[in-house]
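Peer 1: Have a look at the structure that comes next, please.
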Amino acid sequence: MEFRILGPLEVVDQGRALPLGGAMQRTLLALLLTRANEVVSTDRLIDELWGAEPPRTAANALQYHVSQLRRALAPHEVIVTQAPGYVIRVGPDDLDLLRFELLVEEAQRAPPELAARRLREALDLWSGPPLADLAHESFAQTEILRLEELRLAALERRLDADLALGRFAEIVSEVKVLVSEHPLRERPRTTLMLALYGSGRQAEALEVYRETRRLLVDELGIEPSQALQDLEQAILRQDPALASQEAPAVMRPRAIMVVTTDAERLENLLAIAEPLTRRPARELILARLLHEEDELAAASASLSERRDALAQRGIASRIATYTTGEPGADVVRLASEYEVDLILLDAAPGLLESGHPDQDLAVVLERAPCDVAVLVGSGEMATGPLVTPFGGAEHDWSAIEIAAWLAQSLETTLQLLGTDADPALERRDASRLLSRASMLVQQVVGIVTEPVLIRPGEEGVLEAARDARLLVVGLSDRWRTEGIGHTRLAVALGAEVPTLFVRRGLRPGGVAPNETLTRFTWTLGSERILPPEV
């Protein structure tokens, strides 16, 4: 049996497309396939299938739809019940997405000729826009963005392999199409400049740079990256290195984007962002998106001074300052066009009052392709450990990645908080979960974490975080309907240290190697630290 999602959802068994029932069952299958071999909780499935106001019978209805889906896929028993939900067990030969990811992974370790071949095989698996027949479903809109990001990254790497093989003239037309589809993305324009120069068309390559600069300044209020500027200079002096196989690899700067509406809050944000630029080196993008035109000159001058100060400390940065009526959408736009690992922004004053993001923050949380971290609290980071409540949920893992990344840069301790045992409820402590998480953090980041068992709820978290440098908390899986949530809000209001709320993105996190296209997969049980939100 073969499952296909790199195009319209389809299941083929012995050359025959299987009927999958109505829209609810097709959506359920797609939800499981996009998280293949991972447990998808019942709560998550209900939220995605029925939205903010599910019927009281949703749990029973979900069981019915799972049963019907199993019947449609019989005799293959691929959908397994596993607490706290369901998992679909498939391999690369069964699911086109897994096969795509395997081919891309093989290409990463291969010489250019084999890499180009493997990447072509991977891209040939696509039969159109992913999940095209489910594009109207809310979950699919986010998942389609992730899959399109994977396809685009694989295509860019295939073009890199072609550059390394000297196929300059062969790819010029293809890259021009890619540039027209993604006009603000620097990477295709870099490839086009290299391909044109390698084809003996130096003047055209330089014109691409001039056009790129005009477009970026006019549309995003930002200068080209230093890497792109360096490429222009290398072309002007006809640098022999441009003909080497290493030339494409130098043009891949990753970035952290800092967005603030209040100049006084910028220092607090940079105290977190600046250490994250060190290992490995990353660019900082400093953005001020304003409503009033008369604020523009002062904001731009202030960020220019900040950029000069960062340069003196060896940190590459760019600034983007312009007026907009849709700040949230423009933040997403900036992050989408650049290799941004993390958006770091300060919370609007109303977040802690209402517990729900305002319209602009909601847009960023909903649509940004990378991890998003929202800083609340007015205190400055002092000395002490970083502290992260950890329960193994989706956004918890992004919180732990960012906390571990920051702890490594600051050379400080990372404490993972888990609940103590409760014999009355027959609940064991979370030490096993914390131990498994610690081993994974050691493997990926290379630092040892300190497990701390606490009482459930906000009181235990606040007590453990009293001497912390920063408290890093993953958002609830239900942030769209519940906002921060009762318990997390109580923690943020009661904490004596700054709190960073983290939402998991679609792109690989900041601790992922440069060659990684997909996020790490963490398969753990759900032993929650924070009680269910009320």
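Each chain in the structure tokens gets a letter, A, B, ..., in the order shown, and its residues are numbered from 1; ligands are numbered from 1 in order too.
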If you count only C-alpha atoms, which residues fall within 8 Å of region 393-402 of chain A, apart from same-chain ones fewer than 3 positions away, as a ChimeraX atom specification?

Peer 2: /A:371,388-390,405-406,441,472-477,501-504,509-511,522,526,528

Peer 1: When DSSP works through the backbone of this structure, what residues of region 424-499 of chain A end up as strand (DSSP E or B), shown as a list in words?

Peer 2: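 Put together, the selection reads Arg427, Thr449, Glu450, Pro451, Val452, Leu453, Ile454, Leu470, Leu471, Val472, Val473, Gly474 and Thr499 of chain A.
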
Peer 1: Could you tell me how far CA of Glu295 (chain A) lies from CA of Val374 (chain A), in Å and to one decimal?

Peer 2: 23.7 Å

Peer 1: Determine, counting only C-alpha atoms, which protein, DNA and RNA residues have an atom within 7 Å of an atom of region 165-182 of chain A; residues of the same chain fewer than 6 positions away are not included. Present the result as a VMD selection string.

Peer 2: chain A and resid 112 188 to 189 192 195 to 196 198 to 199

Peer 1: Suppose we keep all heavy atoms; can you now write the selection as a PDB file, in the first residue's frame?

Peer 2:
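result_39.pdb was written with the following content:
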ATOM      1  N   PRO A 112      28.664  15.822  -5.747  1.00  0.00           N
ATOM      2  CA  PRO A 112      27.686  16.589  -6.529  1.00  0.00           C
ATOM      3  C   PRO A 112      26.915  15.780  -7.566  1.00  0.00           C
ATOM      4  O   PRO A 112      25.703  15.955  -7.717  1.00  0.00           O
ATOM      5  CB  PRO A 112      28.540  17.673  -7.182  1.00  0.00           C
ATOM      6  CG  PRO A 112      29.677  17.869  -6.235  1.00  0.00           C
ATOM      7  CD  PRO A 112      29.968  16.515  -5.666  1.00  0.00           C
ATOM      8  N   PRO A 188      17.704  32.052  -4.494  1.00  0.00           N
ATOM      9  CA  PRO A 188      17.653  31.861  -5.951  1.00  0.00           C
ATOM     10  C   PRO A 188      18.399  32.943  -6.726  1.00  0.00           C
ATOM     11  O   PRO A 188      18.983  32.662  -7.786  1.00  0.00           O
ATOM     12  CB  PRO A 188      16.151  31.889  -6.255  1.00  0.00           C
ATOM     13  CG  PRO A 188      15.486  31.534  -4.974  1.00  0.00           C
ATOM     14  CD  PRO A 188      16.349  32.134  -3.914  1.00  0.00           C
ATOM     15  N   ARG A 189      18.385  34.163  -6.217  1.00  0.00           N
ATOM     16  CA  ARG A 189      19.099  35.242  -6.901  1.00  0.00           C
ATOM     17  C   ARG A 189      20.615  35.034  -6.819  1.00  0.00           C
ATOM     18  O   ARG A 189      21.343  35.353  -7.767  1.00  0.00           O
ATOM     19  CB  ARG A 189      18.692  36.590  -6.315  1.00  0.00           C
ATOM     20  CG  ARG A 189      17.256  36.967  -6.687  1.00  0.00           C
ATOM     21  CD  ARG A 189      16.824  38.286  -6.085  1.00  0.00           C
ATOM     22  NE  ARG A 189      15.505  38.659  -6.585  1.00  0.00           N
ATOM     23  CZ  ARG A 189      15.274  39.351  -7.696  1.00  0.00           C
ATOM     24  NH1 ARG A 189      16.303  39.775  -8.417  1.00  0.00           N
ATOM     25  NH2 ARG A 189      14.050  39.635  -8.079  1.00  0.00           N
ATOM     26  N   LEU A 192      21.318  32.468  -9.432  1.00  0.00           N
ATOM     27  CA  LEU A 192      21.248  33.055 -10.773  1.00  0.00           C
ATOM     28  C   LEU A 192      22.501  33.861 -11.087  1.00  0.00           C
ATOM     29  O   LEU A 192      23.037  33.782 -12.208  1.00  0.00           O
ATOM     30  CB  LEU A 192      19.999  33.930 -10.889  1.00  0.00           C
ATOM     31  CG  LEU A 192      19.771  34.593 -12.252  1.00  0.00           C
ATOM     32  CD1 LEU A 192      19.716  33.553 -13.362  1.00  0.00           C
ATOM     33  CD2 LEU A 192      18.495  35.428 -12.233  1.00  0.00           C
ATOM     34  N   ALA A 195      25.233  31.372 -11.833  1.00  0.00           N
ATOM     35  CA  ALA A 195      25.023  30.685 -13.107  1.00  0.00           C
ATOM     36  C   ALA A 195      25.322  31.612 -14.285  1.00  0.00           C
ATOM     37  O   ALA A 195      25.940  31.200 -15.285  1.00  0.00           O
ATOM     38  CB  ALA A 195      23.596  30.159 -13.178  1.00  0.00           C
ATOM     39  N   LEU A 196      24.870  32.859 -14.195  1.00  0.00           N
ATOM     40  CA  LEU A 196      25.145  33.819 -15.268  1.00  0.00           C
ATOM     41  C   LEU A 196      26.636  34.090 -15.391  1.00  0.00           C
ATOM     42  O   LEU A 196      27.193  34.113 -16.506  1.00  0.00           O
ATOM     43  CB  LEU A 196      24.380  35.121 -15.012  1.00  0.00           C
ATOM     44  CG  LEU A 196      22.862  35.067 -15.220  1.00  0.00           C
ATOM     45  CD1 LEU A 196      22.207  36.323 -14.666  1.00  0.00           C
ATOM     46  CD2 LEU A 196      22.525  34.888 -16.707  1.00  0.00           C
ATOM     47  N   GLY A 198      29.100  32.164 -14.438  1.00  0.00           N
ATOM     48  CA  GLY A 198      29.758  30.970 -14.953  1.00  0.00           C
ATOM     49  C   GLY A 198      29.523  30.745 -16.428  1.00  0.00           C
ATOM     50  O   GLY A 198      30.301  30.057 -17.102  1.00  0.00           O
ATOM     51  N   SER A 199      28.445  31.346 -16.964  1.00  0.00           N
ATOM     52  CA  SER A 199      28.138  31.241 -18.395  1.00  0.00           C
ATOM     53  C   SER A 199      28.799  32.344 -19.209  1.00  0.00           C
ATOM     54  O   SER A 199      28.527  32.476 -20.411  1.00  0.00           O
ATOM     55  CB  SER A 199      26.619  31.304 -18.612  1.00  0.00           C
ATOM     56  OG  SER A 199      25.963  30.304 -17.869  1.00  0.00           O
TER      57      SER A 199
END

Peer 1: List as a PDB file with N, CA, C and O atoms, in the first residue's frame the protein and nucleic acid residues near region 145-161 of chain A, meaning an atom at most 8 Å away when only C-alpha atoms are counted, but skip any in the same chain fewer than 6 places from it.

Peer 2:
ATOM      1  N   LEU A   6       2.311  14.238  -1.535  1.00  0.00           N
ATOM      2  CA  LEU A   6       3.044  15.255  -2.291  1.00  0.00           C
ATOM      3  C   LEU A   6       2.300  15.556  -3.581  1.00  0.00           C
ATOM      4  O   LEU A   6       2.817  15.456  -4.696  1.00  0.00           O
ATOM      5  N   VAL A 104      16.615  13.055   0.003  1.00  0.00           N
ATOM      6  CA  VAL A 104      17.287  14.318   0.316  1.00  0.00           C
ATOM      7  C   VAL A 104      18.423  14.082   1.301  1.00  0.00           C
ATOM      8  O   VAL A 104      19.517  14.652   1.170  1.00  0.00           O
ATOM      9  N   PRO A 112      28.664  15.822  -5.747  1.00  0.00           N
ATOM     10  CA  PRO A 112      27.686  16.589  -6.529  1.00  0.00           C
ATOM     11  C   PRO A 112      26.915  15.780  -7.566  1.00  0.00           C
ATOM     12  O   PRO A 112      25.703  15.955  -7.717  1.00  0.00           O
ATOM     13  N   GLU A 113      27.583  14.901  -8.312  1.00  0.00           N
ATOM     14  CA  GLU A 113      26.890  14.148  -9.366  1.00  0.00           C
ATOM     15  C   GLU A 113      25.769  13.291  -8.777  1.00  0.00           C
ATOM     16  O   GLU A 113      24.624  13.302  -9.255  1.00  0.00           O
ATOM     17  N   ALA A 115      24.458  13.616  -5.747  1.00  0.00           N
ATOM     18  CA  ALA A 115      23.506  14.483  -5.043  1.00  0.00           C
ATOM     19  C   ALA A 115      22.467  15.036  -6.006  1.00  0.00           C
ATOM     20  O   ALA A 115      21.265  15.039  -5.713  1.00  0.00           O
ATOM     21  N   ALA A 116      22.918  15.502  -7.176  1.00  0.00           N
ATOM     22  CA  ALA A 116      21.977  16.031  -8.161  1.00  0.00           C
ATOM     23  C   ALA A 116      20.993  14.963  -8.603  1.00  0.00           C
ATOM     24  O   ALA A 116      19.788  15.231  -8.758  1.00  0.00           O
ATOM     25  N   LEU A 119      18.467  14.212  -5.728  1.00  0.00           N
ATOM     26  CA  LEU A 119      17.519  15.315  -5.547  1.00  0.00           C
ATOM     27  C   LEU A 119      16.510  15.377  -6.688  1.00  0.00           C
ATOM     28  O   LEU A 119      15.344  15.721  -6.484  1.00  0.00           O
ATOM     29  N   ARG A 120      16.931  15.011  -7.889  1.00  0.00           N
ATOM     30  CA  ARG A 120      15.969  14.941  -8.997  1.00  0.00           C
ATOM     31  C   ARG A 120      14.939  13.840  -8.734  1.00  0.00           C
ATOM     32  O   ARG A 120      13.748  14.003  -9.004  1.00  0.00           O
ATOM     33  N   LEU A 123      12.481  15.172  -6.168  1.00  0.00           N
ATOM     34  CA  LEU A 123      11.554  16.172  -6.705  1.00  0.00           C
ATOM     35  C   LEU A 123      10.559  15.554  -7.686  1.00  0.00           C
ATOM     36  O   LEU A 123       9.443  16.051  -7.848  1.00  0.00           O
ATOM     37  N   PRO A 129       0.721  20.618  -6.173  1.00  0.00           N
ATOM     38  CA  PRO A 129       0.703  21.195  -4.824  1.00  0.00           C
ATOM     39  C   PRO A 129       0.337  20.132  -3.793  1.00  0.00           C
ATOM     40  O   PRO A 129      -0.593  19.350  -4.009  1.00  0.00           O
ATOM     41  N   PRO A 130       1.064  20.058  -2.673  1.00  0.00           N
ATOM     42  CA  PRO A 130       0.776  19.017  -1.677  1.00  0.00           C
ATOM     43  C   PRO A 130      -0.593  19.182  -1.049  1.00  0.00           C
ATOM     44  O   PRO A 130      -1.045  20.306  -0.811  1.00  0.00           O
ATOM     45  N   ILE A 171      21.172  25.721 -16.341  1.00  0.00           N
ATOM     46  CA  ILE A 171      20.181  25.992 -15.303  1.00  0.00           C
ATOM     47  C   ILE A 171      19.697  27.436 -15.288  1.00  0.00           C
ATOM     48  O   ILE A 171      18.814  27.779 -14.502  1.00  0.00           O
ATOM     49  N   ARG A 187      18.285  33.497  -1.972  1.00  0.00           N
ATOM     50  CA  ARG A 187      19.024  32.313  -2.396  1.00  0.00           C
ATOM     51  C   ARG A 187      18.908  32.035  -3.896  1.00  0.00           C
ATOM     52  O   ARG A 187      19.924  31.803  -4.560  1.00  0.00           O
ATOM     53  N   PRO A 188      17.704  32.052  -4.494  1.00  0.00           N
ATOM     54  CA  PRO A 188      17.653  31.861  -5.951  1.00  0.00           C
ATOM     55  C   PRO A 188      18.399  32.943  -6.726  1.00  0.00           C
ATOM     56  O   PRO A 188      18.983  32.662  -7.786  1.00  0.00           O
ATOM     57  N   THR A 191      22.013  32.061  -6.747  1.00  0.00           N
ATOM     58  CA  THR A 191      22.260  31.000  -7.728  1.00  0.00           C
ATOM     59  C   THR A 191      22.251  31.559  -9.142  1.00  0.00           C
ATOM     60  O   THR A 191      23.089  31.184  -9.979  1.00  0.00           O
ATOM     61  N   PRO A 248      28.978  27.968  -4.259  1.00  0.00           N
ATOM     62  CA  PRO A 248      27.588  28.056  -3.808  1.00  0.00           C
ATOM     63  C   PRO A 248      27.418  27.935  -2.307  1.00  0.00           C
ATOM     64  O   PRO A 248      26.526  28.533  -1.728  1.00  0.00           O
ATOM     65  N   ALA A 249      28.289  27.163  -1.646  1.00  0.00           N
ATOM     66  CA  ALA A 249      28.083  26.878  -0.229  1.00  0.00           C
ATOM     67  C   ALA A 249      28.298  28.079   0.673  1.00  0.00           C
ATOM     68  O   ALA A 249      27.823  28.089   1.794  1.00  0.00           O
ATOM     69  N   PRO A 369       7.127  30.663   9.323  1.00  0.00           N
ATOM     70  CA  PRO A 369       7.640  29.321   9.037  1.00  0.00           C
ATOM     71  C   PRO A 369       8.645  28.809  10.063  1.00  0.00           C
ATOM     72  O   PRO A 369       8.901  27.608  10.115  1.00  0.00           O
ATOM     73  N   LEU A 506       7.896  25.469  11.401  1.00  0.00           N
ATOM     74  CA  LEU A 506       7.950  24.428  10.390  1.00  0.00           C
ATOM     75  C   LEU A 506       9.385  24.112   9.981  1.00  0.00           C
ATOM     76  O   LEU A 506       9.691  22.986   9.611  1.00  0.00           O
ATOM     77  N   ARG A 507      10.238  25.120  10.033  1.00  0.00           N
ATOM     78  CA  ARG A 507      11.629  24.925   9.630  1.00  0.00           C
ATOM     79  C   ARG A 507      12.417  24.221  10.728  1.00  0.00           C
ATOM     80  O   ARG A 507      12.000  24.200  11.885  1.00  0.00           O
ATOM     81  N   LEU A 517      16.916  19.677   6.538  1.00  0.00           N
ATOM     82  CA  LEU A 517      15.737  20.288   5.937  1.00  0.00           C
ATOM     83  C   LEU A 517      14.503  20.123   6.810  1.00  0.00           C
ATOM     84  O   LEU A 517      13.583  20.924   6.740  1.00  0.00           O
ATOM     85  N   THR A 518      14.467  19.065   7.610  1.00  0.00           N
ATOM     86  CA  THR A 518      13.284  18.810   8.429  1.00  0.00           C
ATOM     87  C   THR A 518      13.636  18.910   9.900  1.00  0.00           C
ATOM     88  O   THR A 518      14.785  18.788  10.305  1.00  0.00           O
TER      89      THR A 518
END

Peer 1: Hey, what does DSSP flag as alpha helix (DSSP H) within region 239-392 of chain A? Can you give it to me as a ChimeraX atom specification?

Peer 2: /A:266-276,296-312,327-337,351-354,359-367

Peer 1: For Ser300 (chain A), please output as a CSV table (one decimal) with N, CA and C atoms, in the first residue's frame all residues within 12 Å (counting only C-alpha atoms; exclusion window: fewer than 6 positions along the same chain).

Peer 2:
chain,number,residue,atom,x,y,z
A,221,GLY,N,12.6,47.3,2.9
A,221,GLY,CA,13.3,48.2,3.6
A,221,GLY,C,14.6,47.7,4.2
A,222,ILE,N,15.2,46.7,3.5
A,222,ILE,CA,16.4,46.1,4.0
A,222,ILE,C,17.5,45.9,2.9
A,263,ALA,N,11.5,50.8,21.4
A,263,ALA,CA,13.0,50.9,21.4
A,263,ALA,C,13.6,50.5,22.8
A,286,LEU,N,17.3,43.2,12.5
A,286,LEU,CA,16.6,44.0,13.4
A,286,LEU,C,15.5,44.8,12.7
A,287,ALA,N,14.3,44.6,13.1
A,287,ALA,CA,13.1,45.1,12.4
A,287,ALA,C,12.3,46.0,13.3
A,288,ARG,N,11.9,47.2,12.9
A,288,ARG,CA,10.9,48.1,13.5
A,288,ARG,C,9.9,48.4,12.4
A,289,LEU,N,8.7,47.9,12.6
A,289,LEU,CA,7.6,48.1,11.6
A,289,LEU,C,6.7,49.1,12.3
A,290,LEU,N,6.5,50.2,11.7
A,290,LEU,CA,5.8,51.4,12.3
A,290,LEU,C,4.5,51.7,11.6
A,293,GLU,N,4.5,57.5,9.8
A,293,GLU,CA,5.6,57.9,9.0
A,293,GLU,C,6.6,58.8,9.7
A,294,ASP,N,6.1,59.7,10.6
A,294,ASP,CA,7.0,60.6,11.3
A,294,ASP,C,7.9,59.9,12.3
A,306,ARG,N,22.6,50.8,16.5
A,306,ARG,CA,22.7,49.5,17.1
A,306,ARG,C,23.5,48.6,16.2
A,307,ARG,N,23.2,48.7,14.9
A,307,ARG,CA,24.0,47.8,13.9
A,307,ARG,C,25.5,48.1,14.0
A,318,ARG,N,21.6,43.4,9.8
A,318,ARG,CA,20.9,44.2,8.9
A,318,ARG,C,19.7,44.8,9.6
A,319,ILE,N,19.2,46.0,9.1
A,319,ILE,CA,18.0,46.6,9.7
A,319,ILE,C,16.9,46.7,8.7
A,320,ALA,N,15.7,46.6,9.2
A,320,ALA,CA,14.5,46.8,8.3
A,320,ALA,C,13.6,47.7,9.1
A,321,THR,N,13.4,48.9,8.6
A,321,THR,CA,12.5,49.9,9.2
A,321,THR,C,11.6,50.5,8.2
A,322,TYR,N,10.3,50.3,8.3
A,322,TYR,CA,9.4,51.0,7.4
A,322,TYR,C,8.0,51.0,7.9
A,323,THR,N,7.1,51.7,7.3
A,323,THR,CA,5.7,51.8,7.8
A,323,THR,C,4.9,50.7,7.2

Peer 1: Interatomic distance between CA of Pro75 (chain A) and CA of Val90 (chain A)?

Peer 2: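 It comes out at 14.5 Å.
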